[in-house]
>>> print(open('coords-v7.cif').read())   # mmCIF, C-alpha atoms and all ligand atoms
data_target
loop_
_atom_site.label_atom_id
_atom_site.label_comp_id
_atom_site.auth_asym_id
_atom_site.auth_seq_id
_atom_site.Cartn_x
_atom_site.Cartn_y
_atom_site.Cartn_z
CA MET W 1 5.82 -28.36 -0.16
CA ARG W 2 3.66 -26.05 1.93
CA LYS W 3 4.36 -22.47 0.87
CA ILE W 4 4.58 -19.69 3.41
CA ILE W 5 4.79 -16.06 2.25
CA LEU W 6 6.75 -13.78 4.56
CA THR W 7 6.10 -10.07 3.92
CA LYS W 8 8.46 -9.05 6.71
CA LYS W 9 12.13 -9.95 7.14
CA LEU W 10 12.53 -12.34 10.07
CA ASN W 11 15.53 -12.28 12.37
CA GLU W 12 17.36 -15.49 13.22
CA LYS W 13 15.42 -16.16 16.44
CA ASN W 14 12.05 -15.69 14.76
CA TYR W 15 12.95 -17.73 11.69
CA GLN W 16 13.95 -20.57 14.03
CA LEU W 17 10.26 -20.99 14.91
CA LEU W 18 9.72 -22.49 11.45
CA GLN W 19 12.95 -24.47 11.31
CA ASP W 20 11.76 -27.75 12.75
CA ILE W 21 8.66 -27.97 10.56
CA ASN W 22 8.94 -30.43 7.69
CA ASP W 23 7.98 -29.93 4.10
CA ILE W 24 7.70 -26.14 4.07
CA GLU W 25 8.95 -23.54 1.63
CA THR W 26 9.30 -19.93 2.78
CA VAL W 27 9.20 -17.09 0.25
CA TYR W 28 10.02 -13.48 1.07
CA VAL W 29 7.75 -10.95 -0.67
CA LEU W 30 8.78 -7.68 0.93
CA ASP W 31 7.14 -4.23 0.61
CA GLY W 32 5.59 -3.17 -2.66
CA ASN W 33 6.34 -6.20 -4.83
CA GLU W 34 2.74 -6.63 -6.03
CA GLU W 35 3.66 -8.83 -8.95
CA ALA W 36 5.44 -11.43 -6.79
CA PHE W 37 2.70 -11.16 -4.18
CA ASN W 38 -0.07 -11.89 -6.70
CA GLU W 39 1.89 -14.83 -8.05
CA HIS W 40 2.84 -16.50 -4.76
CA ILE W 41 -0.52 -15.97 -3.08
CA LYS W 42 -2.10 -18.35 -5.63
CA ASP W 43 -0.66 -21.47 -3.97
CA ALA W 44 0.53 -20.27 -0.53
CA GLU W 45 -0.85 -22.04 2.53
CA ALA W 46 0.06 -19.30 5.00
CA ILE W 47 1.03 -15.65 4.85
CA LEU W 48 2.81 -13.53 7.43
CA LEU W 49 1.15 -10.22 6.58
CA SER W 50 2.48 -6.73 7.32
CA THR W 51 0.51 -3.61 6.35
CA ALA W 52 2.26 -3.62 2.94
CA TYR W 53 -0.43 -5.71 1.27
CA LYS W 54 -4.22 -5.89 1.39
CA MET W 55 -6.01 -9.22 1.62
CA THR W 56 -9.13 -8.13 -0.23
CA ARG W 57 -11.94 -10.49 -1.22
CA GLU W 58 -10.44 -10.63 -4.71
CA VAL W 59 -6.99 -11.58 -3.41
CA ILE W 60 -8.54 -14.17 -1.08
CA ASP W 61 -10.53 -15.64 -3.97
CA ASN W 62 -7.26 -16.08 -5.87
CA ALA W 63 -5.57 -17.74 -2.91
CA LYS W 64 -6.92 -21.21 -3.55
CA ASN W 65 -4.66 -22.98 -1.04
CA LEU W 66 -4.60 -20.38 1.73
CA LYS W 67 -5.37 -21.54 5.28
CA VAL W 68 -3.82 -18.88 7.52
CA ILE W 69 -3.33 -15.12 7.39
CA SER W 70 -1.13 -14.02 10.29
CA ARG W 71 -1.03 -10.24 10.75
CA THR W 72 2.08 -8.68 12.21
CA GLY W 73 0.06 -6.24 14.30
CA ALA W 74 -3.20 -5.72 16.13
CA GLY W 75 -5.36 -4.12 13.43
CA VAL W 76 -6.73 -6.40 10.72
CA ASP W 77 -8.29 -3.68 8.60
CA ASN W 78 -6.14 -4.74 5.62
CA VAL W 79 -7.81 -8.15 5.71
CA ASP W 80 -11.36 -8.86 4.54
CA VAL W 81 -12.06 -11.06 7.54
CA GLU W 82 -15.55 -11.93 6.33
CA ALA W 83 -14.22 -13.19 2.99
CA ALA W 84 -11.48 -15.14 4.77
CA SER W 85 -13.97 -16.70 7.20
CA GLU W 86 -16.26 -17.76 4.34
CA LYS W 87 -13.34 -19.72 2.92
CA GLY W 88 -12.40 -21.20 6.30
CA ILE W 89 -9.14 -19.22 6.40
CA LEU W 90 -7.88 -18.46 9.90
CA VAL W 91 -7.04 -14.82 10.53
CA LEU W 92 -4.47 -14.35 13.29
CA ASN W 93 -3.09 -11.15 14.80
CA THR W 94 -0.63 -10.07 17.46
CA PRO W 95 -2.76 -7.84 19.63
CA THR W 96 -0.43 -7.54 22.62
CA ALA W 97 3.06 -7.39 21.14
CA ASN W 98 2.97 -3.74 20.05
CA SER W 99 0.88 -2.11 22.78
CA ILE W 100 3.74 -0.70 24.83
CA SER W 101 5.53 0.74 21.80
CA VAL W 102 2.40 2.45 20.50
CA ALA W 103 1.75 3.83 23.99
CA GLU W 104 5.30 5.23 24.13
CA HIS W 105 4.86 6.81 20.69
CA THR W 106 1.55 8.35 21.73
CA ILE W 107 3.15 9.94 24.77
CA THR W 108 6.07 11.14 22.65
CA LEU W 109 3.58 12.88 20.35
CA ILE W 110 1.79 14.43 23.33
CA LEU W 111 5.10 15.82 24.61
CA ALA W 112 6.36 16.95 21.21
CA ILE W 113 3.22 18.86 20.25
CA THR W 114 2.84 20.45 23.68
CA LYS W 115 6.48 21.50 23.92
CA GLN W 116 6.61 22.49 20.21
CA ILE W 117 9.77 20.46 19.65
CA ILE W 118 9.59 20.36 15.84
CA MET W 119 8.71 24.05 15.44
CA TYR W 120 11.48 25.17 17.84
CA ASP W 121 14.02 22.90 16.24
CA SER W 122 13.37 24.19 12.72
CA ASN W 123 13.28 27.85 13.83
CA LEU W 124 16.56 27.47 15.68
CA ARG W 125 18.20 25.91 12.64
CA ASP W 126 16.95 28.89 10.60
CA GLY W 127 18.72 31.24 13.02
CA ASN W 128 15.58 32.33 14.84
CA PHE W 129 16.68 31.87 18.46
CA LYS W 130 14.16 34.52 19.55
CA ILE W 131 11.40 32.00 18.95
CA ARG W 132 12.06 30.84 22.52
CA ARG W 133 9.91 33.73 23.75
CA SER W 134 6.94 32.93 21.51
CA GLY W 135 5.05 31.55 24.51
CA LYS W 136 3.74 28.66 22.48
CA THR W 137 4.51 25.81 24.89
CA ARG W 138 2.39 24.58 27.76
CA ASP W 139 2.78 22.23 30.70
CA ILE W 140 1.24 18.79 30.74
CA ASP W 141 1.17 18.37 34.48
CA GLY W 142 -2.35 18.06 35.85
CA LYS W 143 -4.04 18.28 32.45
CA THR W 144 -6.89 15.99 31.41
CA LEU W 145 -6.29 13.18 28.96
CA GLY W 146 -9.37 11.91 27.13
CA LEU W 147 -9.07 8.41 25.71
CA ILE W 148 -11.39 7.23 22.97
CA GLY W 149 -10.98 3.47 23.25
CA CYS W 150 -9.71 2.18 26.59
CA GLY W 151 -8.22 -1.19 25.62
CA ARG W 152 -4.62 -2.31 25.89
CA ILE W 153 -2.89 0.72 24.37
CA GLY W 154 -5.27 3.21 25.93
CA GLN W 155 -4.65 1.76 29.38
CA PHE W 156 -0.85 1.80 28.95
CA VAL W 157 -1.06 5.46 27.89
CA ALA W 158 -3.33 6.22 30.86
CA ASN W 159 -1.05 4.60 33.43
CA LYS W 160 2.09 6.27 32.12
CA CYS W 161 0.48 9.71 31.80
CA LYS W 162 -0.89 9.50 35.34
CA ALA W 163 2.41 8.32 36.80
CA ALA W 164 4.67 10.68 34.87
CA PHE W 165 2.57 13.84 34.67
CA GLY W 166 -0.17 13.51 37.27
CA MET W 167 -2.75 13.71 34.50
CA GLU W 168 -6.41 13.11 35.12
CA VAL W 169 -7.58 10.42 32.70
CA ILE W 170 -11.12 10.20 31.38
CA GLY W 171 -12.37 7.98 28.59
CA TYR W 172 -15.12 6.69 26.36
CA ASP W 173 -15.44 3.04 25.37
CA PRO W 174 -18.87 1.58 24.62
CA TYR W 175 -17.70 -1.87 25.73
CA ILE W 176 -16.18 -0.87 29.07
CA LYS W 177 -18.22 0.39 32.00
CA GLU W 178 -15.49 0.79 34.61
CA LEU W 179 -11.73 0.82 34.82
CA PRO W 180 -9.42 1.63 37.73
CA GLY W 181 -7.81 5.03 37.25
CA ILE W 182 -9.92 6.06 34.24
CA LEU W 183 -13.19 7.90 34.64
CA ILE W 184 -15.40 6.34 31.95
CA TYR W 185 -18.10 8.53 30.44
CA GLU W 186 -21.16 7.15 28.70
CA ASP W 187 -21.18 10.07 26.26
CA ILE W 188 -18.28 10.52 23.90
CA GLU W 189 -19.24 14.20 23.67
CA GLU W 190 -18.38 14.81 27.33
CA VAL W 191 -14.87 13.49 26.78
CA PHE W 192 -14.32 15.75 23.76
CA LYS W 193 -15.63 18.74 25.75
CA ARG W 194 -13.56 18.16 28.89
CA ALA W 195 -10.21 16.82 27.72
CA ASP W 196 -7.05 18.84 27.08
CA TYR W 197 -5.83 15.94 24.95
CA ILE W 198 -8.00 13.56 22.96
CA SER W 199 -6.09 10.39 22.17
CA LEU W 200 -7.62 7.77 19.87
CA HIS W 201 -7.15 4.07 20.68
CA LEU W 202 -10.11 2.38 19.02
CA PRO W 203 -10.31 0.15 15.96
CA LEU W 204 -11.32 1.34 12.50
CA THR W 205 -14.67 -0.27 11.69
CA SER W 206 -17.70 0.72 9.64
CA GLU W 207 -19.05 2.37 12.83
CA THR W 208 -15.91 4.32 13.64
CA LYS W 209 -15.08 5.48 10.10
CA ASN W 210 -14.90 9.30 10.16
CA LEU W 211 -16.23 9.21 13.74
CA VAL W 212 -14.05 12.17 14.67
CA GLY W 213 -15.39 14.80 12.32
CA GLU W 214 -16.80 18.32 12.38
CA ARG W 215 -19.28 17.55 15.20
CA LEU W 216 -16.90 16.04 17.77
CA LEU W 217 -13.94 18.25 16.84
CA GLY W 218 -16.30 21.21 17.30
CA LEU W 219 -16.73 20.28 20.96
CA MET W 220 -13.01 20.48 21.75
CA LYS W 221 -11.52 23.44 23.59
CA PRO W 222 -9.38 25.83 21.52
CA THR W 223 -6.46 24.85 23.78
CA SER W 224 -6.88 21.09 23.22
CA TYR W 225 -4.88 18.68 21.09
CA LEU W 226 -5.90 15.64 19.08
CA VAL W 227 -3.53 12.67 18.99
CA ASN W 228 -4.17 9.74 16.65
CA THR W 229 -2.07 6.59 16.71
CA ALA W 230 -5.06 4.32 15.94
CA ARG W 231 -6.15 4.51 12.28
CA GLY W 232 -6.40 7.50 9.95
CA GLY W 233 -9.87 6.61 8.69
CA ILE W 234 -11.35 7.28 12.14
CA VAL W 235 -10.74 11.01 11.62
CA ASP W 236 -12.27 13.20 8.92
CA GLU W 237 -8.98 14.76 7.83
CA TYR W 238 -10.59 17.65 5.96
CA ALA W 239 -12.69 18.63 8.98
CA LEU W 240 -9.58 18.38 11.17
CA ALA W 241 -7.53 20.52 8.77
CA GLU W 242 -10.24 23.21 8.86
CA LYS W 243 -10.30 23.26 12.69
CA LEU W 244 -6.51 23.52 12.79
CA LYS W 245 -6.35 26.20 10.10
CA ASN W 246 -8.89 28.31 11.99
CA GLU W 247 -7.09 27.60 15.28
CA GLU W 248 -10.30 26.20 16.75
CA ILE W 249 -8.11 23.54 18.35
CA ALA W 250 -4.50 23.98 19.42
CA GLY W 251 -2.87 21.22 17.43
CA ALA W 252 -2.79 17.62 16.32
CA ALA W 253 -0.23 14.84 16.28
CA LEU W 254 -0.88 12.00 13.87
CA ASP W 255 0.85 8.72 13.16
CA VAL W 256 -1.84 7.38 10.81
CA PHE W 257 -3.68 8.67 7.75
CA GLU W 258 -6.79 7.80 5.81
CA THR W 259 -4.62 7.04 2.78
CA GLU W 260 -1.09 5.86 3.43
CA PRO W 261 1.19 7.35 2.43
CA PRO W 262 -0.85 10.58 2.55
CA GLY W 263 -1.08 12.41 -0.77
CA MET W 264 1.06 15.52 -1.07
CA ASP W 265 -2.22 17.45 -1.49
CA ASN W 266 -3.43 16.33 1.95
CA PRO W 267 -4.18 19.68 3.66
CA LEU W 268 -2.70 18.44 6.97
CA LEU W 269 0.77 18.45 5.42
CA GLN W 270 0.63 22.24 4.98
CA LEU W 271 -0.21 23.09 8.58
CA LYS W 272 2.32 24.15 11.20
CA ASN W 273 0.26 23.14 14.24
CA VAL W 274 0.44 19.46 13.29
CA ILE W 275 3.13 16.87 13.94
CA LEU W 276 3.19 13.87 11.63
CA THR W 277 4.93 10.50 11.80
CA PRO W 278 4.77 7.82 9.07
CA HIS W 279 2.75 5.09 10.84
CA SER W 280 5.91 4.31 12.78
CA ALA W 281 4.48 3.87 16.29
CA ALA W 282 4.93 0.12 16.26
CA LEU W 283 8.13 0.03 14.25
CA SER W 284 10.71 0.34 16.99
CA LYS W 285 13.35 -2.37 16.70
CA GLU W 286 12.12 -4.25 19.75
CA CYS W 287 8.50 -4.02 18.70
CA SER W 288 9.10 -5.19 15.13
CA ASP W 289 10.90 -8.25 16.48
CA ARG W 290 8.21 -9.00 19.08
CA VAL W 291 5.39 -8.65 16.58
CA ALA W 292 7.14 -10.79 13.96
CA TYR W 293 7.81 -13.40 16.65
CA GLU W 294 4.15 -13.61 17.65
CA ALA W 295 2.94 -13.69 14.03
CA THR W 296 5.43 -16.41 13.08
CA LEU W 297 4.53 -18.38 16.19
CA GLY W 298 0.89 -18.30 15.07
CA ILE W 299 1.83 -19.83 11.71
CA ALA W 300 4.13 -22.38 13.37
CA ASP W 301 1.35 -23.40 15.75
CA TYR W 302 -1.05 -23.88 12.85
CA LEU W 303 1.47 -25.91 10.81
CA LYS W 304 2.14 -28.14 13.82
CA GLY W 305 -1.56 -28.76 14.31
CA ASN W 306 -1.84 -26.63 17.46
CA THR W 307 -4.43 -23.91 18.00
CA PRO W 308 -2.80 -20.48 17.56
CA LYS W 309 -3.13 -18.11 20.52
CA PHE W 310 -4.69 -15.05 18.85
CA ILE W 311 -7.43 -15.92 16.36
CA VAL W 312 -9.54 -13.03 15.07
CA ASN W 313 -12.27 -15.18 13.46
CA LYS W 314 -12.59 -17.83 16.20
CA SER W 315 -16.13 -18.59 15.07
CA ILE W 316 -14.84 -20.62 12.11
CA LEU W 317 -13.10 -23.17 14.33
P1 LIG E 401 -7.85 -3.08 22.01
O1 LIG E 401 -8.73 -4.00 21.28
O2 LIG E 401 -7.12 -3.58 23.21
O3 LIG E 401 -8.65 -1.77 22.42
C1 LIG E 401 -9.52 -1.11 21.56
C2 LIG E 401 -10.64 -0.57 22.40
O4 LIG E 401 -11.49 0.21 21.56
C3 LIG E 401 -11.51 -1.67 23.03
O5 LIG E 401 -11.55 -1.54 24.43
C4 LIG E 401 -12.88 -1.46 22.39
O6 LIG E 401 -13.94 -1.72 23.28
C5 LIG E 401 -12.81 0.03 22.05
N1 LIG E 401 -13.78 0.45 21.06
C6 LIG E 401 -14.37 -0.26 20.07
N2 LIG E 401 -15.25 0.52 19.40
C7 LIG E 401 -15.19 1.74 19.97
C8 LIG E 401 -15.88 2.97 19.74
N3 LIG E 401 -16.80 3.09 18.78
N4 LIG E 401 -15.58 4.03 20.53
C9 LIG E 401 -14.66 3.92 21.52
N5 LIG E 401 -14.00 2.77 21.80
C10 LIG E 401 -14.26 1.70 21.02
O7 LIG E 401 -6.80 -2.53 20.93
P2 LIG E 401 -5.41 -1.82 21.20
O8 LIG E 401 -4.33 -2.84 21.20
O9 LIG E 401 -5.52 -0.90 22.35
O10 LIG E 401 -5.24 -1.00 19.84
C11 LIG E 401 -6.10 0.11 19.55
C12 LIG E 401 -5.95 0.48 18.08
O11 LIG E 401 -4.63 0.97 17.85
C13 LIG E 401 -6.06 -0.72 17.12
O12 LIG E 401 -7.40 -0.92 16.72
C14 LIG E 401 -5.17 -0.37 15.96
O13 LIG E 401 -5.94 0.12 14.89
C15 LIG E 401 -4.30 0.76 16.50
N6 LIG E 401 -2.88 0.42 16.41
C16 LIG E 401 -2.06 1.27 15.75
C17 LIG E 401 -0.71 1.00 15.65
C18 LIG E 401 0.24 1.95 14.96
O14 LIG E 401 1.25 1.50 14.46
N7 LIG E 401 -0.02 3.24 14.96
C19 LIG E 401 -0.21 -0.20 16.19
C20 LIG E 401 -1.08 -1.03 16.89
C21 LIG E 401 -2.43 -0.73 16.98
#
>>> encode(input="coords-v7.cif", output="structure tokens")
Amino acid sequence: MRKIILTKKLNEKNYQLLQDINDIETVYVLDGNEEAFNEHIKDAEAILLSTAYKMTREVIDNAKNLKVISRTGAGVDNVDVEAASEKGILVLNTPTANSISVAEHTITLILAITKQIIMYDSNLRDGNFKIRRSGKTRDIDGKTLGLIGCGRIGQFVANKCKAAFGMEVIGYDPYIKELPGILIYEDIEEVFKRADYISLHLPLTSETKNLVGERLLGLMKPTSYLVNTARGGIVDEYALAEKLKNEEIAGAALDVFETEPPGMDNPLLQLKNVILTPHSAALSKECSDRVAYEATLGIADYLKGNTPKFIVNKSIL
């Protein structure tokens, strides 16, 4: 029997993708069951991997029979791709299935922080109706959106923000020289200086770790907002908390954290000019189903001897 670990519950339609494959055994190891995970990974041939588990070099070394890691998402920062490649293990992802949902979440955060939805809601519930005159909200119309990373999600955000709010969109992406509708700058600094909103849509890598720290945050206008739906490790959270505390920037809206879940001592949790969501941008019902479908399809393709569509470490083929 070829064992497949599923770390995400599959709906009927998605499970069907595996139905016509002979000689397989599927095992659910859902969130946080480390003991079962460490046991089953020893002889599994494929794993459908959510963000709940990390495929470190050590885990990969223990996975003697593993041939495929299929991530239910775009980011593969919970997989040691180098270690997997050395062992000839295919790493798959689902780079397109969640883009629209993350873009929607990003725009929701932009709206919520600008219109102070959370702060107004909690004040109203506390009986403070007068808060309506605090003058804390702004308009979005005509403002400048600065994208750091102009790939799939960045471009969806750009198109929607232009169409819905007439925003000007500028961006920085070292791998893109030109894009219709986005003014690409060669210097990241210019984008931080000019934008009313900085929105992060780049991967977490050794180069981008803590990229957004004291220096870049220091270039932002006091009226500007930082939005991060990419990865927490891209932002130096302590530097950000200082800027927010001193009101050197207007606010931040974050879906992702350096450590997840963030520790209760994380200074960002104490600040009022921050909106936080629990890495939920890609967890809408439709998105979860789409992502699980793509990730399962990748495993099914492999088991049937076909080449999966989205291979992160193509070089090993
Ligand atoms: P993508 O690969 O389509 O786009 C990423 C872009 O970042 C690329 O154009 C790339 O050239 C650019 N880039 C790389 N290094 C950069 C740098 N140093 N500075 C600026 N740009 C750089 O990916 P995507 O689908 O748009 O996703 C973007 C990120 O969003 C992913 O890496 C992932 O970490 C994150 N994400 C988060 C969630 C969530 O649930 N919050 C879900 C999906 C993806």
>>> closest_residue(input="coords-v7.cif", among="W:Leu283, W:Ala230, W:Ile176, W:Ala295", to="Ile69 (chain W)", atoms="all atoms listed in the file")
W:Ala295
>>> residues_near_ligand(input="coords-v7.cif", ligand="ligand LIG 401 (chain E)", cutoff="7 Å", atoms="all atoms listed in the file", output="VMD selection string")
chain W and resid 73 to 75 95 to 96 98 to 99 102 148 to 154 172 to 176 201 to 204 207 to 208 229 to 231 255 to 256 279 to 282
>>> closest_residue(input="coords-v7.cif", among="W:Ser122, W:Thr223, W:Thr51, W:Asn11", to="Thr144 (chain W)", atoms="all atoms listed in the file")
W:Thr223
>>> closest_atom_pairs(input="coords-v7.cif", of="region 25-121 of chain W", to="region 130-138 of chain W", cutoff="7 Å", atoms="all atoms listed in the file", output="tab-separated table")
residue	atom	partner	partner_atom	distance
W:Thr114	CA	W:Thr137	CA	5.7
W:Lys115	CA	W:Thr137	CA	4.8
W:Gln116	CA	W:Thr137	CA	6.1
W:Tyr120	CA	W:Ile131	CA	6.9
>>> residues_around(input="coords-v7.cif", residues="Val169 (chain W)", least_positions_apart="6", cutoff="7 Å", atoms="only C-alpha atoms", output="list of chain:residue names")
W:Thr144, W:Leu145, W:Gly146, W:Ala158, W:Ile182, W:Leu183
>>> residues_around(input="coords-v7.cif", residues="region 309-311 of chain W", least_positions_apart="5", cutoff="12 Å", atoms="all atoms listed in the file", output="ChimeraX atom specification")
/W:68-74,76,81,85,89-97,294-302,316-317
>>> write_last_selection(input="coords-v7.cif", atoms="C-alpha atoms", output="compact mmCIF listing (two decimals), in the frame of the given file")
# COMPACT_ATOMS: atom_id res chain seq x y z
CA VAL W 68 -3.82 -18.88 7.52
CA ILE W 69 -3.33 -15.12 7.39
CA SER W 70 -1.13 -14.02 10.29
CA ARG W 71 -1.03 -10.24 10.75
CA THR W 72 2.08 -8.68 12.21
CA GLY W 73 0.06 -6.24 14.30
CA ALA W 74 -3.20 -5.72 16.13
CA VAL W 76 -6.73 -6.40 10.72
CA VAL W 81 -12.06 -11.06 7.54
CA SER W 85 -13.97 -16.70 7.20
CA ILE W 89 -9.14 -19.22 6.40
CA LEU W 90 -7.88 -18.46 9.90
CA VAL W 91 -7.04 -14.82 10.53
CA LEU W 92 -4.47 -14.35 13.29
CA ASN W 93 -3.09 -11.15 14.80
CA THR W 94 -0.63 -10.07 17.46
CA PRO W 95 -2.76 -7.84 19.63
CA THR W 96 -0.43 -7.54 22.62
CA ALA W 97 3.06 -7.39 21.14
CA GLU W 294 4.15 -13.61 17.65
CA ALA W 295 2.94 -13.69 14.03
CA THR W 296 5.43 -16.41 13.08
CA LEU W 297 4.53 -18.38 16.19
CA GLY W 298 0.89 -18.30 15.07
CA ILE W 299 1.83 -19.83 11.71
CA ALA W 300 4.13 -22.38 13.37
CA ASP W 301 1.35 -23.40 15.75
CA TYR W 302 -1.05 -23.88 12.85
CA ILE W 316 -14.84 -20.62 12.11
CA LEU W 317 -13.10 -23.17 14.33
>>> closest_residue(input="coords-v7.cif", among="W:Thr277, W:Asn306, W:Asn123, W:Thr56", to="Pro262 (chain W)", atoms="all atoms listed in the file")
W:Thr277
>>> atom_distance(input="coords-v7.cif", atom1="CA of Phe192 (chain W)", atom2="CA of Thr108 (chain W)")
20.9 Å
>>> closest_residue(input="coords-v7.cif", among="W:Ile188, W:Met1, W:Met264, W:Val291", to="Leu200 (chain W)", atoms="only C-alpha atoms")
W:Ile188
>>> residues_around(input="coords-v7.cif", residues="Ile184 (chain W)", least_positions_apart="4", cutoff="7 Å", atoms="all atoms listed in the file", output="mmCIF file with C-alpha atoms, in the coordinates of the input")
data_model
loop_
_atom_site.group_PDB
_atom_site.id
_atom_site.type_symbol
_atom_site.label_atom_id
_atom_site.label_comp_id
_atom_site.auth_asym_id
_atom_site.auth_seq_id
_atom_site.Cartn_x
_atom_site.Cartn_y
_atom_site.Cartn_z
ATOM 1 C CA ILE W 170 -11.120 10.200 31.380
ATOM 2 C CA GLY W 171 -12.370 7.980 28.590
ATOM 3 C CA TYR W 172 -15.120 6.690 26.360
ATOM 4 C CA LYS W 177 -18.220 0.390 32.000
ATOM 5 C CA GLU W 178 -15.490 0.790 34.610
#
>>> residues_around(input="coords-v7.cif", residues="Ala46 (chain W)", least_positions_apart="3", cutoff="9 Å", atoms="all atoms listed in the file", output="PyMOL selection string")
chain W and resi 2-6+41+65-70+299+303
>>> atom_distance(input="coords-v7.cif", atom1="CA of Leu30 (chain W)", atom2="CA of Gly232 (chain W)")
23.3 Å
>>> atom_distance(input="coords-v7.cif", atom1="CA of Gly88 (chain W)", atom2="CA of Glu58 (chain W)")
15.4 Å
>>> closest_residue(input="coords-v7.cif", among="W:Tyr15, W:Tyr53, W:Tyr185, W:Tyr225", to="Leu111 (chain W)", atoms="only C-alpha atoms")
W:Tyr225
>>> closest_residue(input="coords-v7.cif", among="W:Asp236, W:Glu247, W:Glu35, W:Asp187", to="Leu211 (chain W)", atoms="only C-alpha atoms")
W:Asp236
